[in-house]
Structure formats: structure tokens, C-alpha cells
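> Below is structure19.cif; it holds mmCIF, N, CA and C atoms.
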```cif
data_entry
#
loop_
_atom_site.label_atom_id
_atom_site.label_comp_id
_atom_site.auth_asym_id
_atom_site.auth_seq_id
_atom_site.Cartn_x
_atom_site.Cartn_y
_atom_site.Cartn_z
N MET A 146 24.02 70.82 47.83
CA MET A 146 24.01 71.41 49.14
C MET A 146 24.71 70.55 50.16
N ASP A 147 25.21 69.43 49.74
CA ASP A 147 25.96 68.59 50.66
C ASP A 147 27.29 69.24 50.98
N GLN A 148 27.53 69.34 52.25
CA GLN A 148 28.84 69.84 52.67
C GLN A 148 29.56 68.69 53.34
N SER A 149 30.77 68.56 53.05
CA SER A 149 31.53 67.53 53.74
C SER A 149 32.47 68.20 54.72
N TYR A 150 32.57 67.59 55.87
CA TYR A 150 33.44 68.10 56.92
C TYR A 150 34.65 67.19 56.99
N PRO A 151 35.77 67.78 57.30
CA PRO A 151 36.96 66.93 57.41
C PRO A 151 36.80 65.93 58.55
N SER A 152 37.33 64.78 58.39
CA SER A 152 37.27 63.75 59.41
C SER A 152 38.33 64.02 60.47
N ILE A 153 37.87 64.40 61.64
CA ILE A 153 38.78 64.70 62.75
C ILE A 153 38.51 63.67 63.85
N PRO A 154 39.53 62.94 64.24
CA PRO A 154 39.31 61.96 65.32
C PRO A 154 39.04 62.69 66.65
N LEU A 155 38.11 62.14 67.45
CA LEU A 155 37.79 62.71 68.75
C LEU A 155 38.86 62.31 69.76
N GLN A 156 39.24 63.26 70.57
CA GLN A 156 40.24 63.00 71.60
C GLN A 156 39.71 63.50 72.92
N ARG A 157 40.00 62.76 73.94
CA ARG A 157 39.63 63.18 75.28
C ARG A 157 40.65 64.20 75.75
N THR A 158 40.19 65.36 76.21
CA THR A 158 41.12 66.42 76.60
C THR A 158 41.38 66.43 78.10
N ALA A 159 40.48 65.88 78.90
CA ALA A 159 40.68 65.87 80.35
C ALA A 159 40.18 64.54 80.88
N PRO A 160 40.74 64.10 82.00
CA PRO A 160 40.26 62.84 82.59
C PRO A 160 38.79 62.97 82.97
N VAL A 161 38.07 61.88 82.87
CA VAL A 161 36.67 61.85 83.24
C VAL A 161 36.56 61.39 84.68
N ARG A 162 35.69 62.04 85.43
CA ARG A 162 35.46 61.63 86.81
C ARG A 162 34.31 60.64 86.86
N SER A 163 34.51 59.56 87.59
CA SER A 163 33.45 58.57 87.73
C SER A 163 32.50 59.02 88.82
N LEU A 164 31.44 58.28 89.06
CA LEU A 164 30.45 58.65 90.06
C LEU A 164 31.01 58.69 91.47
N ASN A 165 32.04 57.87 91.75
CA ASN A 165 32.59 57.86 93.09
C ASN A 165 33.75 58.84 93.26
N GLY A 166 33.99 59.71 92.27
CA GLY A 166 34.99 60.75 92.40
C GLY A 166 36.39 60.35 92.00
N THR A 167 36.59 59.11 91.57
CA THR A 167 37.92 58.71 91.13
C THR A 167 38.07 59.03 89.65
N ARG A 168 39.28 59.19 89.20
CA ARG A 168 39.52 59.47 87.80
C ARG A 168 39.63 58.18 87.01
N GLU A 169 39.12 58.23 85.81
CA GLU A 169 39.24 57.06 84.94
C GLU A 169 40.35 57.29 83.94
N SER A 170 41.08 56.26 83.65
CA SER A 170 42.09 56.35 82.60
C SER A 170 41.41 56.16 81.26
N GLY A 171 42.13 56.33 80.18
CA GLY A 171 41.57 56.19 78.85
C GLY A 171 41.01 54.82 78.57
N GLU A 172 41.44 53.79 79.27
CA GLU A 172 40.96 52.44 79.02
C GLU A 172 39.65 52.17 79.75
N GLY A 173 39.15 53.12 80.53
CA GLY A 173 37.88 52.93 81.22
C GLY A 173 38.02 52.23 82.56
N LYS A 174 39.23 52.05 83.05
CA LYS A 174 39.43 51.40 84.34
C LYS A 174 39.72 52.48 85.38
N ASN A 175 39.11 52.36 86.54
CA ASN A 175 39.39 53.29 87.62
C ASN A 175 40.80 53.08 88.12
N GLN A 176 41.44 54.16 88.48
CA GLN A 176 42.79 54.02 89.01
C GLN A 176 42.79 53.39 90.39
N THR A 177 41.65 53.43 91.09
CA THR A 177 41.59 52.85 92.42
C THR A 177 41.11 51.41 92.42
N GLY A 178 40.61 50.89 91.32
CA GLY A 178 40.15 49.51 91.26
C GLY A 178 39.15 49.32 90.15
N HIS A 179 38.79 48.08 89.93
CA HIS A 179 37.85 47.74 88.88
C HIS A 179 36.42 47.75 89.42
N PHE A 180 35.49 48.06 88.56
CA PHE A 180 34.08 48.04 88.95
C PHE A 180 33.68 46.66 89.45
N SER A 181 34.15 45.63 88.77
CA SER A 181 33.78 44.27 89.17
C SER A 181 34.25 43.97 90.60
N ASP A 182 35.39 44.54 91.00
CA ASP A 182 35.86 44.34 92.38
C ASP A 182 34.90 44.98 93.38
N TYR A 183 34.46 46.20 93.06
CA TYR A 183 33.51 46.90 93.94
C TYR A 183 32.18 46.14 94.00
N LEU A 184 31.74 45.64 92.86
CA LEU A 184 30.48 44.90 92.80
C LEU A 184 30.57 43.63 93.64
N GLN A 185 31.64 42.87 93.49
CA GLN A 185 31.81 41.65 94.27
C GLN A 185 31.84 41.94 95.76
N GLN A 186 32.54 43.01 96.12
CA GLN A 186 32.64 43.38 97.54
C GLN A 186 31.27 43.76 98.08
N ALA A 187 30.49 44.52 97.31
CA ALA A 187 29.16 44.93 97.75
C ALA A 187 28.22 43.74 97.87
N LEU A 188 28.29 42.82 96.91
CA LEU A 188 27.41 41.65 96.93
C LEU A 188 27.74 40.68 98.05
N SER A 189 29.01 40.59 98.39
CA SER A 189 29.41 39.65 99.43
C SER A 189 29.28 40.24 100.83
N GLY A 190 29.04 41.55 100.92
CA GLY A 190 28.88 42.19 102.22
C GLY A 190 30.16 42.29 103.01
N GLN A 191 31.31 42.26 102.33
CA GLN A 191 32.59 42.28 103.02
C GLN A 191 33.16 43.67 103.21
N SER A 192 32.41 44.69 102.89
CA SER A 192 32.95 46.04 103.02
C SER A 192 33.12 46.39 104.50
N GLU A 193 34.19 47.05 104.79
CA GLU A 193 34.47 47.49 106.15
C GLU A 193 33.60 48.70 106.47
N PRO A 194 33.09 48.82 107.69
CA PRO A 194 32.34 50.02 108.03
C PRO A 194 33.27 51.23 108.02
N ALA A 195 32.70 52.36 107.71
CA ALA A 195 33.50 53.59 107.67
C ALA A 195 34.07 53.86 109.06
N ALA A 196 35.31 54.27 109.10
CA ALA A 196 35.94 54.62 110.38
C ALA A 196 35.23 55.84 110.95
N LEU A 197 34.96 55.81 112.23
CA LEU A 197 34.30 56.94 112.86
C LEU A 197 35.26 58.11 113.01
N LYS A 198 34.75 59.29 112.77
CA LYS A 198 35.51 60.51 113.03
C LYS A 198 35.09 60.99 114.41
N ILE A 199 35.98 61.67 115.08
CA ILE A 199 35.67 62.23 116.39
C ILE A 199 35.71 63.74 116.26
N SER A 200 34.59 64.39 116.56
CA SER A 200 34.53 65.84 116.46
C SER A 200 35.48 66.46 117.49
N LYS A 201 35.81 67.71 117.26
CA LYS A 201 36.70 68.41 118.19
C LYS A 201 36.08 68.43 119.58
N HIS A 202 34.78 68.72 119.65
CA HIS A 202 34.07 68.75 120.93
C HIS A 202 34.15 67.40 121.65
N ALA A 203 33.85 66.32 120.90
CA ALA A 203 33.89 64.99 121.51
C ALA A 203 35.30 64.62 121.95
N GLY A 204 36.30 64.97 121.15
CA GLY A 204 37.68 64.70 121.53
C GLY A 204 38.07 65.40 122.82
N GLU A 205 37.63 66.66 122.95
CA GLU A 205 37.91 67.41 124.18
C GLU A 205 37.22 66.76 125.38
N ARG A 206 35.96 66.35 125.21
CA ARG A 206 35.21 65.72 126.31
C ARG A 206 35.86 64.39 126.71
N MET A 207 36.30 63.62 125.74
CA MET A 207 36.94 62.34 126.04
C MET A 207 38.24 62.56 126.80
N GLN A 208 38.99 63.57 126.40
CA GLN A 208 40.25 63.86 127.08
C GLN A 208 39.99 64.38 128.50
N GLU A 209 39.04 65.30 128.66
CA GLU A 209 38.71 65.84 129.98
C GLU A 209 38.26 64.76 130.95
N ARG A 210 37.50 63.81 130.44
CA ARG A 210 36.89 62.78 131.28
C ARG A 210 37.70 61.50 131.34
N GLY A 211 38.83 61.48 130.65
CA GLY A 211 39.69 60.30 130.66
C GLY A 211 39.06 59.07 130.03
N ILE A 212 38.24 59.27 129.01
CA ILE A 212 37.57 58.17 128.34
C ILE A 212 38.49 57.59 127.27
N GLU A 213 38.79 56.31 127.39
CA GLU A 213 39.61 55.61 126.41
C GLU A 213 38.91 54.32 126.03
N LEU A 214 38.71 54.13 124.74
CA LEU A 214 38.08 52.91 124.24
C LEU A 214 39.10 52.14 123.42
N ASP A 215 39.14 50.82 123.61
CA ASP A 215 40.11 50.02 122.87
C ASP A 215 39.66 49.83 121.42
N ASP A 216 40.58 49.31 120.60
CA ASP A 216 40.30 49.15 119.17
C ASP A 216 39.11 48.25 118.89
N SER A 217 38.96 47.19 119.66
CA SER A 217 37.83 46.28 119.40
C SER A 217 36.50 46.96 119.70
N THR A 218 36.47 47.82 120.72
CA THR A 218 35.24 48.55 121.03
C THR A 218 34.93 49.55 119.93
N TRP A 219 35.95 50.27 119.43
CA TRP A 219 35.73 51.22 118.33
C TRP A 219 35.21 50.49 117.10
N LYS A 220 35.77 49.32 116.83
CA LYS A 220 35.32 48.55 115.66
C LYS A 220 33.87 48.12 115.83
N GLN A 221 33.53 47.68 117.03
CA GLN A 221 32.16 47.27 117.32
C GLN A 221 31.20 48.45 117.17
N ILE A 222 31.61 49.61 117.67
CA ILE A 222 30.78 50.82 117.55
C ILE A 222 30.61 51.18 116.07
N SER A 223 31.71 51.16 115.31
CA SER A 223 31.64 51.49 113.89
C SER A 223 30.68 50.57 113.14
N THR A 224 30.75 49.29 113.43
CA THR A 224 29.87 48.31 112.78
C THR A 224 28.42 48.59 113.11
N LYS A 225 28.12 48.83 114.38
CA LYS A 225 26.74 49.07 114.80
C LYS A 225 26.21 50.40 114.26
N VAL A 226 27.07 51.41 114.18
CA VAL A 226 26.65 52.70 113.63
C VAL A 226 26.34 52.55 112.14
N ALA A 227 27.13 51.75 111.42
CA ALA A 227 26.86 51.50 110.01
C ALA A 227 25.52 50.79 109.84
N GLU A 228 25.22 49.83 110.73
CA GLU A 228 23.92 49.15 110.70
C GLU A 228 22.79 50.14 110.97
N ALA A 229 23.01 51.04 111.93
CA ALA A 229 22.00 52.05 112.26
C ALA A 229 21.73 52.96 111.06
N LYS A 230 22.79 53.32 110.36
CA LYS A 230 22.64 54.17 109.18
C LYS A 230 21.80 53.46 108.12
N LYS A 231 22.06 52.16 107.92
CA LYS A 231 21.29 51.37 106.94
C LYS A 231 19.81 51.33 107.30
N LYS A 232 19.50 51.40 108.60
CA LYS A 232 18.11 51.38 109.05
C LYS A 232 17.47 52.76 109.04
N GLY A 233 18.24 53.77 108.61
CA GLY A 233 17.69 55.12 108.48
C GLY A 233 17.86 56.00 109.70
N LEU A 234 18.65 55.58 110.66
CA LEU A 234 18.87 56.41 111.84
C LEU A 234 19.88 57.51 111.54
N ASP A 235 19.67 58.67 112.15
CA ASP A 235 20.60 59.79 111.95
C ASP A 235 21.50 59.98 113.16
N GLU A 236 20.91 60.21 114.32
CA GLU A 236 21.67 60.47 115.55
C GLU A 236 21.39 59.33 116.52
N THR A 237 22.45 58.70 117.03
CA THR A 237 22.27 57.56 117.93
C THR A 237 23.02 57.78 119.24
N LEU A 238 22.46 57.20 120.28
CA LEU A 238 23.13 57.14 121.57
C LEU A 238 23.81 55.79 121.64
N VAL A 239 25.10 55.78 121.88
CA VAL A 239 25.86 54.53 122.00
C VAL A 239 26.28 54.38 123.45
N LEU A 240 25.83 53.30 124.09
CA LEU A 240 26.21 53.02 125.46
C LEU A 240 27.21 51.87 125.47
N ALA A 241 28.45 52.19 125.79
CA ALA A 241 29.52 51.19 125.93
C ALA A 241 29.75 50.98 127.42
N ASP A 242 30.68 50.10 127.77
CA ASP A 242 30.94 49.81 129.18
C ASP A 242 31.33 51.06 129.97
N ASP A 243 32.24 51.85 129.42
CA ASP A 243 32.79 52.98 130.17
C ASP A 243 32.37 54.33 129.63
N ALA A 244 31.59 54.37 128.55
CA ALA A 244 31.28 55.66 127.94
C ALA A 244 29.89 55.65 127.32
N ALA A 245 29.36 56.86 127.19
CA ALA A 245 28.12 57.09 126.44
C ALA A 245 28.48 58.11 125.37
N LEU A 246 28.17 57.79 124.13
CA LEU A 246 28.53 58.64 123.01
C LEU A 246 27.27 59.00 122.23
N ILE A 247 27.22 60.22 121.74
CA ILE A 247 26.21 60.60 120.76
C ILE A 247 26.93 60.58 119.42
N VAL A 248 26.42 59.78 118.48
CA VAL A 248 27.10 59.59 117.20
C VAL A 248 26.13 59.92 116.06
N SER A 249 26.62 60.70 115.12
CA SER A 249 25.87 60.94 113.90
C SER A 249 26.12 59.76 112.97
N ALA A 250 25.11 58.90 112.80
CA ALA A 250 25.26 57.76 111.89
C ALA A 250 25.35 58.26 110.46
N LYS A 251 24.65 59.34 110.18
CA LYS A 251 24.64 59.90 108.83
C LYS A 251 26.04 60.34 108.41
N ASN A 252 26.80 60.95 109.32
CA ASN A 252 28.14 61.47 109.02
C ASN A 252 29.26 60.60 109.59
N ALA A 253 28.92 59.52 110.28
CA ALA A 253 29.91 58.65 110.93
C ALA A 253 30.84 59.46 111.82
N THR A 254 30.25 60.33 112.66
CA THR A 254 31.03 61.22 113.52
C THR A 254 30.53 61.16 114.95
N VAL A 255 31.47 61.02 115.90
CA VAL A 255 31.13 61.09 117.32
C VAL A 255 30.95 62.57 117.64
N ILE A 256 29.77 62.93 118.14
CA ILE A 256 29.45 64.33 118.39
C ILE A 256 29.85 64.75 119.80
N THR A 257 29.54 63.91 120.79
CA THR A 257 29.93 64.20 122.16
C THR A 257 30.10 62.90 122.93
N ALA A 258 30.75 62.99 124.08
CA ALA A 258 31.04 61.80 124.88
C ALA A 258 30.98 62.13 126.36
N MET A 259 30.61 61.12 127.15
CA MET A 259 30.61 61.27 128.61
C MET A 259 30.85 59.92 129.24
N ASP A 260 31.17 59.93 130.54
CA ASP A 260 31.32 58.69 131.29
C ASP A 260 29.98 57.97 131.32
N ARG A 261 30.04 56.66 131.38
CA ARG A 261 28.81 55.87 131.44
C ARG A 261 28.04 56.20 132.72
N SER A 262 28.75 56.38 133.83
CA SER A 262 28.08 56.70 135.09
C SER A 262 27.41 58.07 135.02
N GLU A 263 28.01 58.99 134.30
CA GLU A 263 27.47 60.33 134.12
C GLU A 263 26.19 60.30 133.27
N ALA A 264 26.10 59.33 132.37
CA ALA A 264 24.96 59.23 131.46
C ALA A 264 23.67 58.84 132.19
N GLY A 265 23.79 58.24 133.36
CA GLY A 265 22.61 57.80 134.09
C GLY A 265 21.70 58.92 134.52
N SER A 266 22.23 60.13 134.66
CA SER A 266 21.42 61.26 135.12
C SER A 266 21.13 62.27 134.02
N GLN A 267 21.33 61.88 132.76
CA GLN A 267 21.15 62.80 131.64
C GLN A 267 19.85 62.52 130.89
N ILE A 268 19.36 63.56 130.24
CA ILE A 268 18.25 63.42 129.29
C ILE A 268 18.84 63.63 127.92
N PHE A 269 18.61 62.68 127.03
CA PHE A 269 19.15 62.76 125.67
C PHE A 269 18.02 63.14 124.72
N SER A 270 18.22 64.20 123.98
CA SER A 270 17.22 64.63 123.02
C SER A 270 17.82 64.62 121.62
N ASN A 271 16.96 64.73 120.64
CA ASN A 271 17.37 64.76 119.23
C ASN A 271 18.14 63.52 118.80
N ILE A 272 17.80 62.38 119.37
CA ILE A 272 18.35 61.12 118.89
C ILE A 272 17.19 60.27 118.40
N ASN A 273 17.43 59.40 117.46
CA ASN A 273 16.35 58.54 117.00
C ASN A 273 16.74 57.07 117.04
N GLY A 274 17.71 56.74 117.89
CA GLY A 274 18.09 55.35 118.06
C GLY A 274 19.11 55.20 119.17
N ALA A 275 19.25 53.99 119.67
CA ALA A 275 20.23 53.70 120.71
C ALA A 275 20.93 52.39 120.39
N ILE A 276 22.22 52.35 120.69
CA ILE A 276 23.03 51.15 120.52
C ILE A 276 23.61 50.83 121.89
N ILE A 277 23.31 49.65 122.40
CA ILE A 277 23.81 49.26 123.72
C ILE A 277 24.79 48.11 123.51
N LEU A 278 26.04 48.36 123.85
CA LEU A 278 27.09 47.36 123.69
C LEU A 278 27.32 46.65 125.01
N GLU A 279 27.37 45.36 124.97
CA GLU A 279 27.70 44.58 126.17
C GLU A 279 29.17 44.22 126.12
N SER A 280 29.79 44.16 127.27
CA SER A 280 31.20 43.77 127.31
C SER A 280 31.28 42.27 127.02
N PRO A 281 32.47 41.80 126.62
CA PRO A 281 32.62 40.35 126.37
C PRO A 281 32.24 39.51 127.58
N ALA A 282 32.38 40.06 128.79
CA ALA A 282 32.05 39.33 130.00
C ALA A 282 30.55 39.35 130.28
N GLY A 283 29.78 40.11 129.47
CA GLY A 283 28.34 40.21 129.68
C GLY A 283 28.02 41.40 130.56
N PRO A 284 26.74 41.59 130.91
CA PRO A 284 26.34 42.76 131.68
C PRO A 284 26.95 42.81 133.07
N GLU A 285 27.35 41.66 133.62
CA GLU A 285 27.95 41.66 134.95
C GLU A 285 29.37 42.22 134.93
N GLY A 286 29.99 42.29 133.75
CA GLY A 286 31.37 42.77 133.65
C GLY A 286 31.52 44.28 133.62
N ARG A 287 30.39 45.00 133.50
CA ARG A 287 30.50 46.45 133.43
C ARG A 287 30.24 47.06 134.80
N PRO A 288 30.71 48.31 134.99
CA PRO A 288 30.50 48.95 136.29
C PRO A 288 29.02 49.16 136.57
N GLN A 289 28.66 49.08 137.84
CA GLN A 289 27.27 49.26 138.22
C GLN A 289 26.95 50.74 138.27
N LEU A 290 25.83 51.11 137.67
CA LEU A 290 25.37 52.49 137.65
C LEU A 290 24.56 52.77 138.91
N PRO A 291 24.41 54.05 139.28
CA PRO A 291 23.67 54.37 140.50
C PRO A 291 22.25 53.79 140.53
N ASN A 292 21.55 53.78 139.44
CA ASN A 292 20.17 53.28 139.39
C ASN A 292 20.09 51.87 138.84
N ASP A 293 21.20 51.16 138.77
CA ASP A 293 21.24 49.81 138.20
C ASP A 293 20.56 48.85 139.15
N ARG A 294 19.70 47.98 138.65
CA ARG A 294 18.93 47.07 139.49
C ARG A 294 19.50 45.64 139.48
N ARG A 295 20.79 45.50 139.21
CA ARG A 295 21.38 44.14 139.16
C ARG A 295 21.69 43.57 140.53
N SER A 296 21.64 44.36 141.57
CA SER A 296 22.07 43.88 142.90
C SER A 296 21.05 43.02 143.58
#
```
Kindly return the structure encoded in the file as C-alpha cells.

Amino acid sequence: MDQSYPSIPLQRTAPVRSLNGTRESGEGKNQTGHFSDYLQQALSGQSEPAALKISKHAGERMQERGIELDDSTWKQISTKVAEAKKKGLDETLVLADDAALIVSAKNATVITAMDRSEAGSQIFSNINGAIILESPAGPEGRPQLPNDRRS
């Protein structure tokens, strides 16, 4: 009753997708890099925070209100939003020198934006964290808000 089957070598018919969505070649190496590289980067904490996306709504508000943030401020915001995400925050209020932003830490997306002076009279709901950025010159370097008690 023994049946013998012909010996057919197994062949891969399609590329295999790894967990991070990249394709693996037949040698088991990712085309975008080696696993050991990703592991070293993760262990050393040198990964760059995800670049923030700006929603259409937020982009329109920034343009209407003339809000412009320099690259160092965007980098600082991105870093702090990544930290907020690690702490489990979803929606955060970011107060910078010239702007107040509502940012989805979960999606790394700026949802809306307003002038910092405009933020003083607003009620913010559906946020579970706040990030307050100080200018390099310290709190004295930013514009005074209507209810600011620094005087």
C-alpha cells in the first residue's frame, strides 16, 4: 500500500511580504534593509519621529491665519507628539510661540490650527494631553497673551 510520490522541489511562486509590508527576496533579506539594522536602530533609540502630516482643514487654517512654523519648531513638535503617542495619548493640544495646534498623535496628523493669541479664548474638547513648547529665548521671548500674568 505504499505509494511513492515523485520528488518535486518546492519553488516560491510569489514574493513574500514581511510584517512591515516590504517584500523579501529569495535570500530572506528585506529589500529596504536588514532586520539587524532595524533592531539596532530600535535598541539605540535613534529612530526619527514620523513626519507630521497636515490635514486639508489645518492647512487651510494655517494659510488663512498666516501661521508659519520653522523647521526646528516642526521637528520639536514631531518629537513631542511621538513621545505623547508612546504615553498613550491620542489627541493633543500643542502650544507653540505663534500657534496652537490640535494634533492626532495616533495618526501623526495636524487636525486644526489657530493663532496663539486666538487660543486664549477657546475651549478645547476631546483632547487628552497638552504639549507646551517654549521658545529658545524662554517664556519671555513669546508674545504676551491677553490673560498672560507675566507683566
> With all atoms listed in the file as the counted atoms, please give the residues lying no more than 8 Å from A:Val239, apart from itself and same-chain residues fewer than 2 positions off, as a PyMOL selection string.
chain A and resi 222+236-237+241-242+244-248+274-278
> From the options A:Ile268, A:Met259, A:Ala227, A:Leu234, which residue's atoms come nearest to A:Leu197, counting only C-alpha atoms?
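Nearest candidate to A:Leu197 out of A:Ile268, A:Met259, A:Ala227, A:Leu234: A:Ala227.
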> Could you work out an axis-aligned box for stretch 220-237 of chain A, taking every atom the file lists and adding 6 Å on each side, and report centre and edge lengths in Å to one decimal, as AutoDock Vina command-line options?

```
--center_x 26.6 --center_y 53.9 --center_z 113.1 --size_x 30.3 --size_y 25.2 --size_z 24.3
```
> Can you list, as a count of residues only, the residues that the PyMOL selection byres ((chain A and resi 263) around 8) selects here?
13
> Quote the spacing between atom CA of A:Gly204 and atom CA of A:Ala250 in Å to one decimal place.
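Computing the Euclidean distance for atom CA of A:Gly204 and atom CA of A:Ala250 yields 17.2 Å.
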> With the input short on atoms, add all heavy atoms back to stretch 268-278 of chain A and write it as a PDB file, in the coordinates of the input.

```pdb
ATOM      1  N   ILE A 268      19.360  63.560 130.240  1.00  0.00           N
ATOM      2  CA  ILE A 268      18.250  63.420 129.290  1.00  0.00           C
ATOM      3  C   ILE A 268      18.840  63.630 127.920  1.00  0.00           C
ATOM      4  O   ILE A 268      19.522  64.628 127.667  1.00  0.00           O
ATOM      5  CB  ILE A 268      17.149  64.464 129.578  1.00  0.00           C
ATOM      6  CG1 ILE A 268      16.537  64.213 130.949  1.00  0.00           C
ATOM      7  CG2 ILE A 268      16.096  64.439 128.473  1.00  0.00           C
ATOM      8  CD1 ILE A 268      15.557  65.277 131.379  1.00  0.00           C
ATOM      9  N   PHE A 269      18.610  62.680 127.030  1.00  0.00           N
ATOM     10  CA  PHE A 269      19.150  62.760 125.670  1.00  0.00           C
ATOM     11  C   PHE A 269      18.020  63.140 124.720  1.00  0.00           C
ATOM     12  O   PHE A 269      16.997  62.462 124.678  1.00  0.00           O
ATOM     13  CB  PHE A 269      19.772  61.420 125.260  1.00  0.00           C
ATOM     14  CG  PHE A 269      20.932  61.027 126.128  1.00  0.00           C
ATOM     15  CD1 PHE A 269      20.746  60.162 127.190  1.00  0.00           C
ATOM     16  CD2 PHE A 269      22.187  61.535 125.883  1.00  0.00           C
ATOM     17  CE1 PHE A 269      21.810  59.798 127.996  1.00  0.00           C
ATOM     18  CE2 PHE A 269      23.268  61.180 126.687  1.00  0.00           C
ATOM     19  CZ  PHE A 269      23.071  60.311 127.743  1.00  0.00           C
ATOM     20  N   SER A 270      18.220  64.200 123.980  1.00  0.00           N
ATOM     21  CA  SER A 270      17.220  64.630 123.020  1.00  0.00           C
ATOM     22  C   SER A 270      17.820  64.620 121.620  1.00  0.00           C
ATOM     23  O   SER A 270      19.032  64.498 121.450  1.00  0.00           O
ATOM     24  CB  SER A 270      16.711  66.041 123.356  1.00  0.00           C
ATOM     25  OG  SER A 270      17.784  66.959 123.314  1.00  0.00           O
ATOM     26  N   ASN A 271      16.960  64.730 120.640  1.00  0.00           N
ATOM     27  CA  ASN A 271      17.370  64.760 119.230  1.00  0.00           C
ATOM     28  C   ASN A 271      18.140  63.520 118.800  1.00  0.00           C
ATOM     29  O   ASN A 271      19.040  63.600 117.978  1.00  0.00           O
ATOM     30  CB  ASN A 271      18.194  66.020 118.923  1.00  0.00           C
ATOM     31  CG  ASN A 271      17.387  67.272 119.148  1.00  0.00           C
ATOM     32  OD1 ASN A 271      16.187  67.302 118.899  1.00  0.00           O
ATOM     33  ND2 ASN A 271      18.033  68.307 119.642  1.00  0.00           N
ATOM     34  N   ILE A 272      17.800  62.380 119.370  1.00  0.00           N
ATOM     35  CA  ILE A 272      18.350  61.120 118.890  1.00  0.00           C
ATOM     36  C   ILE A 272      17.190  60.270 118.400  1.00  0.00           C
ATOM     37  O   ILE A 272      16.059  60.447 118.861  1.00  0.00           O
ATOM     38  CB  ILE A 272      19.160  60.344 119.970  1.00  0.00           C
ATOM     39  CG1 ILE A 272      18.273  59.972 121.152  1.00  0.00           C
ATOM     40  CG2 ILE A 272      20.369  61.133 120.417  1.00  0.00           C
ATOM     41  CD1 ILE A 272      18.903  58.976 122.084  1.00  0.00           C
ATOM     42  N   ASN A 273      17.430  59.400 117.460  1.00  0.00           N
ATOM     43  CA  ASN A 273      16.350  58.540 117.000  1.00  0.00           C
ATOM     44  C   ASN A 273      16.740  57.070 117.040  1.00  0.00           C
ATOM     45  O   ASN A 273      16.163  56.253 116.344  1.00  0.00           O
ATOM     46  CB  ASN A 273      15.857  58.956 115.608  1.00  0.00           C
ATOM     47  CG  ASN A 273      16.926  58.888 114.542  1.00  0.00           C
ATOM     48  OD1 ASN A 273      18.087  58.653 114.829  1.00  0.00           O
ATOM     49  ND2 ASN A 273      16.529  59.108 113.307  1.00  0.00           N
ATOM     50  N   GLY A 274      17.710  56.740 117.890  1.00  0.00           N
ATOM     51  CA  GLY A 274      18.090  55.350 118.060  1.00  0.00           C
ATOM     52  C   GLY A 274      19.110  55.200 119.170  1.00  0.00           C
ATOM     53  O   GLY A 274      19.735  56.176 119.587  1.00  0.00           O
ATOM     54  N   ALA A 275      19.250  53.990 119.670  1.00  0.00           N
ATOM     55  CA  ALA A 275      20.230  53.700 120.710  1.00  0.00           C
ATOM     56  C   ALA A 275      20.930  52.390 120.390  1.00  0.00           C
ATOM     57  O   ALA A 275      20.314  51.455 119.882  1.00  0.00           O
ATOM     58  CB  ALA A 275      19.562  53.612 122.076  1.00  0.00           C
ATOM     59  N   ILE A 276      22.220  52.350 120.690  1.00  0.00           N
ATOM     60  CA  ILE A 276      23.030  51.150 120.520  1.00  0.00           C
ATOM     61  C   ILE A 276      23.610  50.830 121.890  1.00  0.00           C
ATOM     62  O   ILE A 276      24.295  51.668 122.478  1.00  0.00           O
ATOM     63  CB  ILE A 276      24.162  51.386 119.502  1.00  0.00           C
ATOM     64  CG1 ILE A 276      23.580  51.722 118.124  1.00  0.00           C
ATOM     65  CG2 ILE A 276      25.082  50.175 119.437  1.00  0.00           C
ATOM     66  CD1 ILE A 276      24.609  52.228 117.130  1.00  0.00           C
ATOM     67  N   ILE A 277      23.310  49.650 122.400  1.00  0.00           N
ATOM     68  CA  ILE A 277      23.810  49.260 123.720  1.00  0.00           C
ATOM     69  C   ILE A 277      24.790  48.110 123.510  1.00  0.00           C
ATOM     70  O   ILE A 277      24.419  47.038 123.026  1.00  0.00           O
ATOM     71  CB  ILE A 277      22.661  48.844 124.650  1.00  0.00           C
ATOM     72  CG1 ILE A 277      21.677  50.016 124.790  1.00  0.00           C
ATOM     73  CG2 ILE A 277      23.202  48.403 126.007  1.00  0.00           C
ATOM     74  CD1 ILE A 277      20.384  49.669 125.472  1.00  0.00           C
ATOM     75  N   LEU A 278      26.040  48.360 123.850  1.00  0.00           N
ATOM     76  CA  LEU A 278      27.090  47.360 123.690  1.00  0.00           C
ATOM     77  C   LEU A 278      27.320  46.650 125.010  1.00  0.00           C
ATOM     78  O   LEU A 278      27.455  47.306 126.049  1.00  0.00           O
ATOM     79  CB  LEU A 278      28.394  48.022 123.226  1.00  0.00           C
ATOM     80  CG  LEU A 278      28.336  48.839 121.947  1.00  0.00           C
ATOM     81  CD1 LEU A 278      29.680  49.498 121.693  1.00  0.00           C
ATOM     82  CD2 LEU A 278      27.951  47.966 120.777  1.00  0.00           C
TER      83      LEU A 278
END
```
